[in-house]
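Let me begin by presenting the structure, written as structure tokens, before commenting on it.
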Amino acid sequence: MPASRYALAVAITLPRVRVSARDLAILADARRRLAGARVDFASAVAALAAAVDAAIIGGRVFVLGEGPIVGSQISGIGIVETPHGIDVVCVARDGRVIRLERFA
């Protein structure tokens, strides 16, 4: 399949979610904090909270939506434990949860 057709199909089927540079930097910092460690949801939340605190004065993480999604009330970007690991998701304004990528 030509690359342009594939890109078009992906653009049509994937939700459009813009993740800010700050959210990307926080997620990268949280992942660095977990490097080499055994990762469970509690340690992922702790690393995310530490990364938020380092990046934003007085920054905190919150339970989003129906939970247990932990992340930013402003952007809706957070992490959630799934049967396959921990994922990065976006909680849309209408409450939909959109999976973005694997966190750990």
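To be explicit about the labels: the chains of the structure tokens are called A, B, and onward in the order shown, and within each one the residues are counted from 1, while ligands get numbers from 1 in the order they are shown.
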Would you mind listing what lies within 9 Å of Ala92 (chain A) as a ChimeraX atom specification, with only C-alpha atoms counted and same-chain residues fewer than 6 positions away left out? /A:17,75-77,98
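Within region 58-96 of chain A, residues classed as strand (DSSP E or B) by DSSP on backbone coordinates are A:Phe62, A:Val63, A:Leu64, A:Ile69, A:Val70, A:Gly71, A:Ile77, A:Gly78, A:Ile79, A:Val80, A:Glu81, A:Thr82, A:Gly85, A:Ile86, A:Asp87, A:Val88, A:Val89, A:Cys90, A:Val91.
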Please, could you write that set of residues out with N, CA and C atoms as a short mmCIF file (atom, residue, chain, number, x, y, z; two decimals), in the first residue's frame?
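Result saved to out-v1.cif:
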data_model
loop_
_atom_site.label_atom_id
_atom_site.label_comp_id
_atom_site.auth_asym_id
_atom_site.auth_seq_id
_atom_site.Cartn_x
_atom_site.Cartn_y
_atom_site.Cartn_z
N PHE A 62 -4.65 14.83 39.41
CA PHE A 62 -6.01 14.61 39.90
C PHE A 62 -6.57 13.33 39.30
N VAL A 63 -7.60 12.79 39.93
CA VAL A 63 -8.35 11.69 39.34
C VAL A 63 -9.30 12.31 38.32
N LEU A 64 -9.27 11.79 37.10
CA LEU A 64 -10.07 12.34 36.00
C LEU A 64 -11.23 11.42 35.65
N ILE A 69 -8.21 7.26 36.34
CA ILE A 69 -7.27 7.96 35.47
C ILE A 69 -6.68 9.09 36.30
N VAL A 70 -5.36 9.21 36.29
CA VAL A 70 -4.69 10.24 37.07
C VAL A 70 -3.94 11.15 36.11
N GLY A 71 -4.20 12.47 36.20
CA GLY A 71 -3.52 13.39 35.31
C GLY A 71 -3.96 14.83 35.50
N ILE A 77 -4.96 15.07 29.94
CA ILE A 77 -3.96 14.02 29.68
C ILE A 77 -3.63 13.34 31.00
N GLY A 78 -3.66 12.00 30.99
CA GLY A 78 -3.37 11.27 32.21
C GLY A 78 -2.94 9.85 31.92
N ILE A 79 -2.77 9.08 32.98
CA ILE A 79 -2.40 7.68 32.86
C ILE A 79 -3.48 6.83 33.51
N VAL A 80 -3.62 5.62 33.00
CA VAL A 80 -4.60 4.68 33.52
C VAL A 80 -4.02 3.27 33.47
N GLU A 81 -4.35 2.46 34.47
CA GLU A 81 -3.91 1.07 34.47
C GLU A 81 -4.90 0.25 33.65
N THR A 82 -4.35 -0.57 32.75
CA THR A 82 -5.17 -1.47 31.93
C THR A 82 -4.68 -2.90 32.16
N GLY A 85 -1.04 -3.09 30.85
CA GLY A 85 -0.01 -2.16 31.31
C GLY A 85 -0.62 -0.82 31.65
N ILE A 86 0.20 0.20 31.60
CA ILE A 86 -0.25 1.55 31.91
C ILE A 86 -0.24 2.35 30.62
N ASP A 87 -1.34 3.02 30.33
CA ASP A 87 -1.50 3.78 29.09
C ASP A 87 -1.63 5.26 29.38
N VAL A 88 -1.22 6.07 28.40
CA VAL A 88 -1.48 7.51 28.40
C VAL A 88 -2.79 7.71 27.66
N VAL A 89 -3.70 8.46 28.27
CA VAL A 89 -5.00 8.71 27.67
C VAL A 89 -5.33 10.19 27.73
N CYS A 90 -6.35 10.56 26.99
CA CYS A 90 -6.90 11.91 27.06
C CYS A 90 -8.38 11.77 27.39
N VAL A 91 -8.81 12.47 28.43
CA VAL A 91 -10.23 12.51 28.76
C VAL A 91 -10.78 13.75 28.06
#
Could you pull the residues within 12 Å of Leu27 (chain A), counting only C-alpha atoms, minus those fewer than 6 positions along the same chain, as a PyMOL selection string? chain A and resi 19-21+33-34+44-45+47-52+54-55+71-72+77-79+87-89+101-104
CA of Gly36 (chain A) to CA of Arg22 (chain A): how many Å, to one decimal? 23.7 Å
One decimal, Å: what's the distance from CA of Leu24 (chain A) over to CA of Arg38 (chain A), could you say? 21.9 Å
Kindly indicate which residue among A:Arg96, A:Ala35, A:Asp23, A:Ala42 lies nearest to Gly65 (chain A), using only C-alpha atoms for the distances.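 Ranking A:Arg96, A:Ala35, A:Asp23, A:Ala42 by distance to Gly65 (chain A), first place goes to A:Arg96.
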Write out as JSON, numbers by chain all residues of region 2-101 of chain A that backbone DSSP assigns to helix (DSSP H, G or I). {"A": [3, 4, 5, 6, 7, 8, 9, 10, 11, 12, 13, 21, 22, 23, 24, 25, 26, 27, 28, 29, 30, 31, 32, 33, 34, 41, 42, 43, 44, 45, 46, 47, 48, 49, 50, 51, 52, 53, 54, 55]}
Could you take the residues named above and write them with N, CA and C atoms, as a compact mmCIF listing (two decimals), in the first residue's frame?
# COMPACT_ATOMS: atom_id res chain seq x y z
N ALA A 3 2.46 4.82 0.79
CA ALA A 3 2.51 5.52 2.07
C ALA A 3 1.40 6.56 2.20
N SER A 4 1.07 7.25 1.13
CA SER A 4 0.05 8.30 1.22
C SER A 4 -1.32 7.71 1.56
N ARG A 5 -1.65 6.54 1.01
CA ARG A 5 -2.92 5.91 1.35
C ARG A 5 -2.95 5.49 2.81
N TYR A 6 -1.84 4.92 3.27
CA TYR A 6 -1.77 4.50 4.66
C TYR A 6 -1.92 5.71 5.59
N ALA A 7 -1.21 6.79 5.30
CA ALA A 7 -1.31 7.98 6.14
C ALA A 7 -2.73 8.52 6.15
N LEU A 8 -3.40 8.48 5.02
CA LEU A 8 -4.77 8.96 4.94
C LEU A 8 -5.69 8.09 5.80
N ALA A 9 -5.52 6.78 5.73
CA ALA A 9 -6.35 5.87 6.52
C ALA A 9 -6.13 6.11 8.01
N VAL A 10 -4.89 6.29 8.42
CA VAL A 10 -4.60 6.54 9.83
C VAL A 10 -5.20 7.87 10.26
N ALA A 11 -5.08 8.89 9.43
CA ALA A 11 -5.63 10.20 9.78
C ALA A 11 -7.14 10.14 9.95
N ILE A 12 -7.79 9.28 9.20
CA ILE A 12 -9.24 9.18 9.30
C ILE A 12 -9.67 8.39 10.53
N THR A 13 -8.93 7.34 10.87
CA THR A 13 -9.37 6.45 11.94
C THR A 13 -8.91 6.85 13.33
N ALA A 21 3.42 20.58 24.47
CA ALA A 21 4.85 20.34 24.71
C ALA A 21 5.09 20.13 26.20
N ARG A 22 4.39 20.86 27.05
CA ARG A 22 4.56 20.70 28.50
C ARG A 22 4.10 19.31 28.95
N ASP A 23 2.94 18.85 28.46
CA ASP A 23 2.49 17.50 28.82
C ASP A 23 3.48 16.45 28.34
N LEU A 24 4.00 16.60 27.12
CA LEU A 24 4.99 15.66 26.59
C LEU A 24 6.25 15.64 27.46
N ALA A 25 6.70 16.82 27.89
CA ALA A 25 7.89 16.91 28.73
C ALA A 25 7.65 16.27 30.10
N ILE A 26 6.46 16.46 30.65
CA ILE A 26 6.13 15.86 31.94
C ILE A 26 6.09 14.34 31.83
N LEU A 27 5.47 13.83 30.78
CA LEU A 27 5.42 12.38 30.58
C LEU A 27 6.83 11.81 30.40
N ALA A 28 7.68 12.51 29.64
CA ALA A 28 9.05 12.05 29.43
C ALA A 28 9.82 12.04 30.75
N ASP A 29 9.65 13.07 31.58
CA ASP A 29 10.31 13.13 32.88
C ASP A 29 9.82 11.99 33.78
N ALA A 30 8.52 11.75 33.79
CA ALA A 30 7.98 10.65 34.61
C ALA A 30 8.56 9.32 34.17
N ARG A 31 8.67 9.11 32.86
CA ARG A 31 9.27 7.86 32.36
C ARG A 31 10.74 7.74 32.78
N ARG A 32 11.47 8.86 32.73
CA ARG A 32 12.88 8.84 33.16
C ARG A 32 12.98 8.45 34.63
N ARG A 33 12.07 8.96 35.43
CA ARG A 33 12.07 8.66 36.87
C ARG A 33 11.82 7.17 37.13
N LEU A 34 11.17 6.51 36.21
CA LEU A 34 10.84 5.09 36.36
C LEU A 34 11.86 4.16 35.71
N PHE A 41 1.15 0.70 38.97
CA PHE A 41 0.39 1.94 38.83
C PHE A 41 0.74 2.95 39.92
N ALA A 42 0.95 2.48 41.14
CA ALA A 42 1.29 3.40 42.24
C ALA A 42 2.62 4.11 41.97
N SER A 43 3.63 3.38 41.49
CA SER A 43 4.92 4.03 41.21
C SER A 43 4.81 4.95 40.00
N ALA A 44 3.97 4.60 39.02
CA ALA A 44 3.76 5.48 37.87
C ALA A 44 3.08 6.78 38.30
N VAL A 45 2.09 6.68 39.17
CA VAL A 45 1.42 7.89 39.68
C VAL A 45 2.40 8.75 40.46
N ALA A 46 3.23 8.12 41.29
CA ALA A 46 4.23 8.87 42.07
C ALA A 46 5.22 9.58 41.14
N ALA A 47 5.68 8.90 40.10
CA ALA A 47 6.61 9.52 39.15
C ALA A 47 5.94 10.65 38.39
N LEU A 48 4.69 10.45 38.00
CA LEU A 48 3.96 11.51 37.30
C LEU A 48 3.78 12.72 38.21
N ALA A 49 3.42 12.49 39.46
CA ALA A 49 3.24 13.59 40.41
C ALA A 49 4.54 14.35 40.63
N ALA A 50 5.65 13.63 40.75
CA ALA A 50 6.95 14.29 40.92
C ALA A 50 7.33 15.09 39.69
N ALA A 51 7.05 14.56 38.51
CA ALA A 51 7.36 15.27 37.27
C ALA A 51 6.50 16.53 37.14
N VAL A 52 5.25 16.43 37.52
CA VAL A 52 4.36 17.61 37.48
C VAL A 52 4.87 18.66 38.46
N ASP A 53 5.22 18.23 39.67
CA ASP A 53 5.71 19.16 40.69
C ASP A 53 6.99 19.86 40.23
N ALA A 54 7.85 19.15 39.51
CA ALA A 54 9.10 19.74 39.01
C ALA A 54 8.84 20.73 37.88
N ALA A 55 7.80 20.51 37.10
CA ALA A 55 7.54 21.34 35.92
C ALA A 55 6.62 22.53 36.20
Kindly give the distance, in Å, that separates CA of Gly95 (chain A) and CA of Gly59 (chain A), rounded to a single decimal. 22.6 Å
